[in-house]
Protein chains: 6
Amino acid sequence: MELENPPGTDRYQAGLDCLQRVDGPQGLAVVESLARSFPDFARYLVEFPFGDIYARHQLGLREREIATVAALTALGTAVPQLKVHVHAALHVGCDPAEIVEAVMQMAVYAGFPAALNGLAVVREVFAAQGIALPLA
Amino acid sequence: MELENPPGTDRYQAGLDCLQRVDGPQGLAVVESLARSFPDFARYLVEFPFGDIYARHQLGLREREIATVAALTALGTAVPQLKVHVHAALHVGCDPAEIVEAVMQMAVYAGFPAALNGLAVVREVFAAQGIALPLA
Amino acid sequence: MELENPPGTDRYQAGLDCLQRVDGPQGLAVVESLARSFPDFARYLVEFPFGDIYARHQLGLREREIATVAALTALGTAVPQLKVHVHAALHVGCDPAEIVEAVMQMAVYAGFPAALNGLAVVREVFAAQGIALPLA
Amino acid sequence: MELENPPGTDRYQAGLDCLQRVDGPQGLAVVESLARSFPDFARYLVEFPFGDIYARHQLGLREREIATVAALTALGTAVPQLKVHVHAALHVGCDPAEIVEAVMQMAVYAGFPAALNGLAVVREVFAAQGIALPLA
Amino acid sequence: MELENPPGTDRYQAGLDCLQRVDGPQGLAVVESLARSFPDFARYLVEFPFGDIYARHQLGLREREIATVAALTALGTAVPQLKVHVHAALHVGCDPAEIVEAVMQMAVYAGFPAALNGLAVVREVFAAQGIALPLA
Amino acid sequence: MELENPPGTDRYQAGLDCLQRVDGPQGLAVVESLARSFPDFARYLVEFPFGDIYARHQLGLREREIATVAALTALGTAVPQLKVHVHAALHVGCDPAEIVEAVMQMAVYAGFPAALNGLAVVREVFAAQGIALPLA
């Protein structure tokens with residue numbers, strides 16, 4: 001991965017490592033694409049969310065991804081990012097059923113449209129990953 | 001149309017049981033107070049969120065509460081409910097540090113104000129529970 | 001009512017008349033209070049929402065207030081305005097049960113916290129109006 | 001705790017009947033499609049919003065749809081669901097002008113972008129229903 | 001530009017003039033297209049936002065556009081309008097770097113997804129305007 | 001100011017310096033209070049928003065504060081933070097009338113309730129700063 005302005009700091013490297021643990025090559029590809037247009041922001045995206053927050057050990061990566069999938073579903077304004085994090089949730093070992101469940105639960109807290117639009121994202125990511133629906 | 005799991009009958013009782021597991025007597029008190037003014041809505045609150053959703057076994061109660069704390073923090077429009085669910089997260093066995101972490105993580109997805117206002121709720125609930133801050 | 005910059009146009013007067021039909025003296029008091037600090041904005045508030053929109057005849061005032069109560073409940077960021085419009089809904093002849101119902105319905109579209117916080121506003125306004133809860 | 005109206009049993013059937021009254025075959029098709037991937041959630045969607053809420057008699061279906069169209073327009077995060085409910089509003093007998101008006105009114109409560117995006121949905125649904133714009 | 005109901009008032013004309021200063025022919029085209037389906041709302045869009053608000057002299061047009069680009073990025077529910085205002089920000093003389101910066105800053109106040117989706121809009125508008133990214 | 005874990009990095013110090021330029025002693029007091037309960041988050045708050053974003057030179061501090069006041073008004077979920085930034089806007093040299101104007105403008109993009117609630121915050125901060133309303 002070649003970013004235009006590799007900062008070379010520990011924090012940046014820790015962020016890249018963490019991003020890779022969270023989402024694999026797909027996460028790095030998102031950052032790489034962003035960096036072609038907005039290199040500074042791509043660096044912040046690696047450093048703060050991943051180098052600072054996700055790298056902390058007080059919460060497991062599975063729980064972090066459940067939290068993020070739930071929050072992005074509830075907000076309803078972040079479809080591309082929800083896609084990334086449904087994928088990431090699978091990547092860190094969440095059961096497909098756990099992901100569906102966290103999204104469904106958002107019907108309670110953010111309404112049925114939020115949950116329905118979240119499930120549409122789940123369906124799309126699961127299809128790309130070869131996970132058949134309905135779950136057994 | 002054939003549904004996989006046709007519903008049973010004691011949805012309300014299942015909801016009350018689940019609410020008690022999730023939040024103890026404090027959860028029941030919320031419903032009781034609501035029922036004095038809006039009895040039908042109190043019943044729906046027991047039946048759908050708790051009798052239908054939380055009662056499902058595909059996601060653990062700790063994960064459900066992490067998801068809810070994260071989502072309510074991100075939405076920023078549900079302070080009374082966030083209080084209930086920070087309490088509930090402790091009640092189902094989340095570590096105080098896990099709750100703080102899930103709220104902090106929302107700075108990434110919903111901005112610093114959302115996380116700051118969520119931490120203010122955490123501080124209030126932790127104080128009432130005798131949990132000293134900063135965490136060791 | 002003495003506003004600092006009474007525009008004297010038909011639109012402004014039509015707005016004041018409409019505001020009075022919608023919310024009675026209480027609506028005028030809100031505008032008057034606002035005008036002491038922000039007279040231009042008070043004028044816009046009379047002219048656009050009331051002089052332009054509410055004054056139109058394509059939707060009845062009862063339906064307008066149901067729509068507004070529902071929307072403000074769903075948004076969850078407008079408690080003072082929701083108070084005004086629960087009062088206004090009563091003032092234009094909505095049945096108390098219709099108002100409760102529109103707020104409850106928002107559990108479906110914006111989640112239970114939105115509906116619960118909306119019902120708390122309803123309870124407060126109904127108490128001030130001497131409407132006993134639960135409704136018969 | 002004594003509830004005023006202890007629930008019956010045929011909630012799912014009542015929900016299907018109500019959904020059909022609200023939106024005709026198009027509503028059933030939405031549920032059927034959802035049920036192919038997420039059967040449990042499809043059941044909840046029938047049971048709670050339609051079997052519990054819309055089936056209540058305290059608010060007319062026309063008013064319910066005005067409320068929902070207004071709220072979804074204001075939220076701005078539920079375009080597919082707004083489409084369904086603009087269609088449903090027509091189906092339960094709302095005048096096209098009433099629907100346009102409720103959406104326009106949201107400029108006051110949620111801003112011009114919310115109203116503009118709501119009108120774009122209205123235009124699409126009206127075109128599919130053969131309703132010419134501008135309205136006479 | 002032929003609108004169905006040209007109001008001919010000073011306010012309407014002031015709004016059109018202001019809209020043209022803010023966004024050039026592209027802004028007029030948006031209104032014209034809207035007026036074909038919703039002529040009354042097109043008139044309000046000219047009169048209140050542009051004839052009333054943008055026409056005021058207490059804040060410069062560059063600052064107004066920075067404010068609008070920031071707010072629409074933060075809300076995350078107004079992509080078509082954000083496009084218009086990124087274009088308008090360039091039109092009133094904002095430096096491309098200032099626009100990128102205002103959008104990036106929203107990561108702090110509304111989260112990284114809001115900023116990322118805002119930057120995607122910036123990229124699209126800049127491409128159409130021949131502004132190369134990354135900025136030098 | 002005594003923080004529990006002074007990182008001693010350039011980024012942290014740059015953030016503190018920038019925060020002081022933006023909001024004076026009042027900004028430092030907010031961070032200090034936060035650090036007593038959540039020291040890590042207080043550090044992130046200094047480092048990312050101020051050390052990374054506000055410290056950049058592509059946008060002036062006055063424009064940054066106009067953008068933030070507008071966005072927080074539009075979001076409607078960040079009253080304590082809006083207070084801080086109305087104060088900060090004055091501190092970096094925005095004219096009181098510019099601040100009022102940016103908040104009023106949000107009526108267009110986020111609705112009248114958002115603007116009204118923003119103006120209530122403006123009134124409170126202006127009163128504490130001895131700025132009389134209405135502005136001359």
# chains A, B, ... in the order shown; residues from 1 in each chain; ligands from 1
>>> interface_residues(of="chain A", to="chain E", cutoff="10 Å", atoms="only C-alpha atoms", output="short mmCIF file (atom, residue, chain, number, x, y, z; two decimals) with all heavy atoms, in the first residue's frame")
data_model
loop_
_atom_site.label_atom_id
_atom_site.label_comp_id
_atom_site.auth_asym_id
_atom_site.auth_seq_id
_atom_site.Cartn_x
_atom_site.Cartn_y
_atom_site.Cartn_z
N GLU A 4 0.39 8.68 -0.15
CA GLU A 4 1.21 9.81 -0.59
C GLU A 4 2.07 10.39 0.53
O GLU A 4 3.18 10.83 0.31
CB GLU A 4 0.31 10.91 -1.17
CG GLU A 4 -0.19 10.54 -2.55
CD GLU A 4 -0.52 11.77 -3.36
OE1 GLU A 4 -0.23 12.89 -2.90
OE2 GLU A 4 -1.06 11.61 -4.46
N LEU A 34 -9.12 6.63 -0.64
CA LEU A 34 -9.33 7.95 -0.05
C LEU A 34 -8.07 8.81 -0.17
O LEU A 34 -8.12 10.00 -0.48
CB LEU A 34 -9.72 7.80 1.42
CG LEU A 34 -9.95 9.08 2.23
CD1 LEU A 34 -11.14 9.86 1.70
CD2 LEU A 34 -10.13 8.75 3.71
N ALA A 35 -6.92 8.17 0.07
CA ALA A 35 -5.66 8.90 0.09
C ALA A 35 -5.30 9.50 -1.28
O ALA A 35 -4.57 10.47 -1.36
CB ALA A 35 -4.52 8.00 0.57
N ARG A 36 -5.84 8.91 -2.34
CA ARG A 36 -5.55 9.46 -3.66
C ARG A 36 -6.15 10.86 -3.82
O ARG A 36 -5.61 11.69 -4.54
CB ARG A 36 -6.07 8.53 -4.76
CG ARG A 36 -5.07 7.40 -5.07
CD ARG A 36 -5.44 6.65 -6.34
NE ARG A 36 -6.60 5.80 -6.15
CZ ARG A 36 -6.55 4.54 -5.70
NH1 ARG A 36 -5.39 3.98 -5.41
NH2 ARG A 36 -7.64 3.84 -5.55
N SER A 37 -7.27 11.14 -3.15
CA SER A 37 -7.89 12.47 -3.26
C SER A 37 -7.65 13.34 -2.03
O SER A 37 -7.47 14.54 -2.14
CB SER A 37 -9.40 12.33 -3.47
OG SER A 37 -9.70 11.63 -4.64
N PHE A 38 -7.67 12.71 -0.85
CA PHE A 38 -7.59 13.47 0.41
C PHE A 38 -6.57 12.82 1.34
O PHE A 38 -6.93 12.18 2.33
CB PHE A 38 -8.98 13.53 1.06
CG PHE A 38 -10.05 14.07 0.17
CD1 PHE A 38 -10.98 13.22 -0.43
CD2 PHE A 38 -10.14 15.44 -0.09
CE1 PHE A 38 -11.97 13.71 -1.27
CE2 PHE A 38 -11.14 15.95 -0.93
CZ PHE A 38 -12.05 15.09 -1.52
N PRO A 39 -5.28 12.97 1.02
CA PRO A 39 -4.26 12.22 1.77
C PRO A 39 -4.23 12.56 3.26
O PRO A 39 -4.02 11.65 4.08
CB PRO A 39 -2.96 12.61 1.07
CG PRO A 39 -3.27 13.82 0.26
CD PRO A 39 -4.72 13.76 -0.07
N ASP A 40 -4.43 13.81 3.62
CA ASP A 40 -4.39 14.14 5.04
C ASP A 40 -5.53 13.47 5.79
O ASP A 40 -5.34 12.93 6.89
CB ASP A 40 -4.49 15.66 5.25
CG ASP A 40 -3.25 16.39 4.75
OD1 ASP A 40 -2.30 15.72 4.29
OD2 ASP A 40 -3.23 17.63 4.80
N PHE A 41 -6.69 13.49 5.17
CA PHE A 41 -7.83 12.89 5.87
C PHE A 41 -7.66 11.38 5.97
O PHE A 41 -8.06 10.76 6.97
CB PHE A 41 -9.14 13.24 5.18
CG PHE A 41 -10.33 13.03 6.08
CD1 PHE A 41 -10.55 13.90 7.14
CD2 PHE A 41 -11.19 11.97 5.92
CE1 PHE A 41 -11.62 13.71 8.01
CE2 PHE A 41 -12.26 11.77 6.77
CZ PHE A 41 -12.47 12.64 7.81
N ALA A 42 -7.07 10.77 4.94
CA ALA A 42 -6.80 9.33 4.99
C ALA A 42 -5.88 9.01 6.17
O ALA A 42 -6.05 8.01 6.87
CB ALA A 42 -6.18 8.86 3.68
N TYR A 44 -5.60 10.82 8.98
CA TYR A 44 -6.38 10.95 10.22
C TYR A 44 -7.26 9.73 10.45
O TYR A 44 -7.43 9.27 11.58
CB TYR A 44 -7.26 12.21 10.19
CG TYR A 44 -6.51 13.50 10.07
CD1 TYR A 44 -6.97 14.52 9.24
CD2 TYR A 44 -5.33 13.71 10.79
CE1 TYR A 44 -6.29 15.72 9.14
CE2 TYR A 44 -4.64 14.91 10.68
CZ TYR A 44 -5.12 15.91 9.86
OH TYR A 44 -4.44 17.09 9.76
N LEU A 45 -7.82 9.22 9.36
CA LEU A 45 -8.73 8.06 9.47
C LEU A 45 -7.98 6.83 9.99
O LEU A 45 -8.53 6.01 10.73
CB LEU A 45 -9.32 7.76 8.08
CG LEU A 45 -10.31 6.59 8.00
CD1 LEU A 45 -11.56 6.87 8.80
CD2 LEU A 45 -10.70 6.32 6.55
N PHE A 48 -6.63 8.25 14.11
CA PHE A 48 -7.53 8.41 15.26
C PHE A 48 -8.45 7.20 15.48
O PHE A 48 -8.37 6.54 16.51
CB PHE A 48 -8.31 9.73 15.20
CG PHE A 48 -9.32 9.85 16.30
CD1 PHE A 48 -8.92 9.85 17.63
CD2 PHE A 48 -10.68 9.94 16.03
CE1 PHE A 48 -9.84 9.92 18.67
CE2 PHE A 48 -11.61 10.02 17.05
CZ PHE A 48 -11.19 10.01 18.38
N PRO A 49 -9.30 6.86 14.49
CA PRO A 49 -10.20 5.71 14.76
C PRO A 49 -9.44 4.41 15.04
O PRO A 49 -9.79 3.69 15.96
CB PRO A 49 -11.04 5.61 13.48
CG PRO A 49 -11.01 6.98 12.89
CD PRO A 49 -9.65 7.53 13.22
N LEU A 72 -24.23 2.66 13.31
CA LEU A 72 -24.39 3.12 11.93
C LEU A 72 -25.77 2.78 11.39
O LEU A 72 -26.37 3.54 10.62
CB LEU A 72 -23.30 2.54 11.04
CG LEU A 72 -21.87 2.98 11.37
CD1 LEU A 72 -20.88 2.37 10.37
CD2 LEU A 72 -21.72 4.50 11.37
N LEU A 75 -28.07 5.45 12.97
CA LEU A 75 -27.91 6.78 12.37
C LEU A 75 -28.56 6.85 11.00
O LEU A 75 -29.18 7.84 10.64
CB LEU A 75 -26.43 7.15 12.26
CG LEU A 75 -25.73 7.45 13.59
CD1 LEU A 75 -24.22 7.63 13.36
CD2 LEU A 75 -26.30 8.71 14.24
N GLY A 76 -28.38 5.81 10.20
CA GLY A 76 -29.06 5.75 8.90
C GLY A 76 -28.47 6.68 7.85
O GLY A 76 -29.04 6.85 6.78
N THR A 77 -27.33 7.29 8.13
CA THR A 77 -26.73 8.24 7.20
C THR A 77 -25.38 7.75 6.69
O THR A 77 -24.62 8.55 6.13
CB THR A 77 -26.52 9.60 7.90
OG1 THR A 77 -25.86 9.36 9.14
CG2 THR A 77 -27.84 10.30 8.13
N ALA A 78 -25.06 6.50 6.90
CA ALA A 78 -23.70 6.03 6.64
C ALA A 78 -23.68 4.67 5.97
O ALA A 78 -22.97 3.76 6.39
CB ALA A 78 -22.93 5.99 7.96
N VAL A 79 -24.41 4.55 4.87
CA VAL A 79 -24.52 3.25 4.19
C VAL A 79 -23.16 2.72 3.75
O VAL A 79 -22.85 1.55 3.99
CB VAL A 79 -25.53 3.32 3.03
CG1 VAL A 79 -25.37 2.14 2.08
CG2 VAL A 79 -26.95 3.36 3.60
N PRO A 80 -22.29 3.53 3.11
CA PRO A 80 -21.01 2.94 2.69
C PRO A 80 -20.19 2.45 3.88
O PRO A 80 -19.52 1.42 3.80
CB PRO A 80 -20.29 4.12 1.99
CG PRO A 80 -21.35 5.12 1.69
CD PRO A 80 -22.42 4.94 2.71
N GLN A 81 -20.25 3.18 4.99
CA GLN A 81 -19.49 2.78 6.16
C GLN A 81 -20.13 1.56 6.85
O GLN A 81 -19.43 0.72 7.40
CB GLN A 81 -19.39 3.95 7.14
CG GLN A 81 -18.52 5.10 6.62
CD GLN A 81 -19.22 5.96 5.58
OE1 GLN A 81 -20.44 6.10 5.61
NE2 GLN A 81 -18.47 6.57 4.67
N LEU A 82 -21.44 1.46 6.80
CA LEU A 82 -22.10 0.28 7.37
C LEU A 82 -21.68 -0.97 6.60
O LEU A 82 -21.43 -2.02 7.19
CB LEU A 82 -23.62 0.46 7.35
CG LEU A 82 -24.43 -0.69 7.95
CD1 LEU A 82 -24.00 -1.04 9.37
CD2 LEU A 82 -25.92 -0.37 7.93
#
>>> calpha_fit_rmsd(fixed="chain D", moving="chain E")
6.4 Å
>>> atom_distance(atom1="atom CA of Gln20 of chain E", atom2="atom CA of Thr73 of chain E")
22.8 Å
>>> closest_residue(among="E:Gly111, E:Gly130, E:Val92, E:Val30", to="Arg64 of chain E", atoms="only C-alpha atoms")
E:Val92
>>> atom_distance(atom1="atom CA of Val108 of chain A", atom2="atom CA of Val108 of chain C")
8.0 Å
>>> residues_around(residues="Arg11 of chain D", least_positions_apart="6", cutoff="12 Å", atoms="only C-alpha atoms", output="count of residues only")
22
